[in-house]
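Scroll down for the structure; my scribbles are underneath it.
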Amino acid sequence: MSAGLSAARTRAALRTSARVSGELLLILVMLAVTLWVLGRMWSVVWPLLVGLLLTTLTWPPARFLRRHGWRPALAAAVVTVAFLLVVLGIVALIAVPMSSQTDELTDGVVEGIQRLREWAAGPPLNIGDDEITGAMDSAVARIQDSVGSITTAVATGVGAVVNGLITAVLGVFLMFFFLKDGPRFLPWLARQLPGRLATDVPVVALRGWETLGSFVRSQALVGLLDAVFIGLGLWILDVPLVLPLAVLTFVSAFVPIVGALFAGFVAVLIALVSNGLTDALMVLAIIVVVQQLEGNVFQPILQSRGLGLHAAVILLAVTLGGSLSGIVGSLLAVPLAALIAVVWNYVREQLTDQLTDPPEAAATADG
């Protein structure tokens, strides 16, 4: 005879399931409200995040100056000015050599287009000038028909650039204040919070700060590896503007997806107009190989060590962030995942039972 279900245990299981489901539902509602509030405050949150990331880069020299007797405001001002000079130097290092060779690059582009037309006119394509002209006329007609959408896209792009500049300026100002007053923030925060929060929140904030520093340092190391390997390949192929292209590759590593595509496109274009189609294809192959190594080997390994996350978690975080919020999501996915891991680990530490010696062992130790 089979045993029947216990009514009391069944009711207890249902009550437990209902309670857990209700608690999870409340947590999900809280998360949804939090994300909605952050979305409404994004114009403030985004510069704040940029300022924090910039501060992780510039805090080591500021800390060095403060330890050697510099006043906080003076140390922050010197480091901020030095940071701006470095940024301007990087821009000049990229822009000046390229502008000095504008005429050569323009002639190379024209020559490259002519070579493509000659290649298309020969076998096996056998595309004549009439067909090329007709295709160009059709393209011009389509562009004319879609002038409105193009204008909208250009306006959207200009607005994005303006918003990016405003965010960058605000981020630099916030970086200065973080460098100046950052060490006083955690004690001030502890005084504002009641009870146990005065201990828990500053600890989590400090761990989160260390995690952001690890993220920025690992990202800089990944960009350096990209710049070295791609620059070495360009130097071997005797492509002009090797140093500006290497610097552009390093800088673009901080902007996921689009940064790598832009730097690779510029390198391939310069190789095409200066060295020809064969070298351009070789440059493209080098960039693809290096980018694959970066995305699947260098970046997951380096960031997993610095952030305490598994490489697979990093890959999934970048994929999810990109699918949800595009470039910004890809940029913030890894540090956000690391911060979530920091909070989770701290909560787990607080919820874990502390192992204590049994009374017998303690008495033996005292004796």
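Ordered as shown in the structure tokens, chains take letters A, B, and onward, while each chain numbers its residues from 1 and ligands are numbered from 1 in the order shown.
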
Polymer residues at most 12 Å from Leu245 in chain A, only C-alpha atoms, same-chain spacing of 3 or more positions, as a VMD selection string: chain A and resid 90 to 91 93 to 95 97 to 98 226 to 235 239 to 242 248 to 252 260 262 to 271 283 287

Selected residues written out with C-alpha atoms, as a JSON list (two decimals), in the first residue's frame:
```json
[["chain", "number", "residue", "atom", "x", "y", "z"],
["A", 90, "ILE", "CA", 47.54, 61.68, -27.90],
["A", 91, "VAL", "CA", 45.14, 63.58, -30.16],
["A", 93, "LEU", "CA", 50.08, 62.38, -32.11],
["A", 94, "ILE", "CA", 47.25, 60.90, -34.15],
["A", 95, "ALA", "CA", 45.97, 63.96, -35.99],
["A", 97, "PRO", "CA", 50.91, 63.01, -38.91],
["A", 98, "MET", "CA", 47.64, 62.14, -40.65],
["A", 226, "ASP", "CA", 46.53, 45.22, -29.18],
["A", 227, "ALA", "CA", 48.60, 48.29, -30.00],
["A", 228, "VAL", "CA", 51.91, 46.38, -29.79],
["A", 229, "PHE", "CA", 50.86, 43.41, -31.94],
["A", 230, "ILE", "CA", 48.97, 45.42, -34.56],
["A", 231, "GLY", "CA", 51.69, 48.09, -34.65],
["A", 232, "LEU", "CA", 54.32, 45.38, -35.11],
["A", 233, "GLY", "CA", 52.37, 43.93, -38.02],
["A", 234, "LEU", "CA", 52.00, 47.35, -39.64],
["A", 235, "TRP", "CA", 55.73, 48.00, -39.19],
["A", 239, "VAL", "CA", 52.57, 50.72, -43.64],
["A", 240, "PRO", "CA", 52.93, 54.48, -43.02],
["A", 241, "LEU", "CA", 51.72, 56.17, -39.81],
["A", 242, "VAL", "CA", 52.54, 53.14, -37.66],
["A", 248, "LEU", "CA", 44.67, 54.97, -32.00],
["A", 249, "THR", "CA", 44.38, 51.21, -31.41],
["A", 250, "PHE", "CA", 45.31, 51.63, -27.73],
["A", 251, "VAL", "CA", 42.82, 54.44, -27.16],
["A", 252, "SER", "CA", 40.01, 52.70, -29.03],
["A", 260, "ALA", "CA", 38.11, 48.24, -32.56],
["A", 262, "PHE", "CA", 37.06, 52.15, -36.28],
["A", 263, "ALA", "CA", 40.77, 51.62, -35.59],
["A", 264, "GLY", "CA", 40.84, 48.56, -37.86],
["A", 265, "PHE", "CA", 39.05, 50.41, -40.67],
["A", 266, "VAL", "CA", 41.53, 53.30, -40.53],
["A", 267, "ALA", "CA", 44.51, 50.92, -40.58],
["A", 268, "VAL", "CA", 43.15, 48.90, -43.52],
["A", 269, "LEU", "CA", 42.27, 52.08, -45.45],
["A", 270, "ILE", "CA", 45.75, 53.54, -45.02],
["A", 271, "ALA", "CA", 47.35, 50.21, -46.03],
["A", 283, "VAL", "CA", 46.60, 44.08, -42.40],
["A", 287, "ILE", "CA", 43.70, 42.87, -37.09]]
```

Using only C-alpha atoms: which of A:Trp344, A:Trp188, A:Phe177, A:Phe298 has the shortest distance to Leu54 in chain A: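 The closest residue to Leu54 in chain A is A:Phe177.
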
Interatomic distance, CA of Ser274 in chain A to CA of Ile286 in chain A (Å, one decimal):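 Computed distance, CA of Ser274 in chain A to CA of Ile286 in chain A, equals 17.1 Å.
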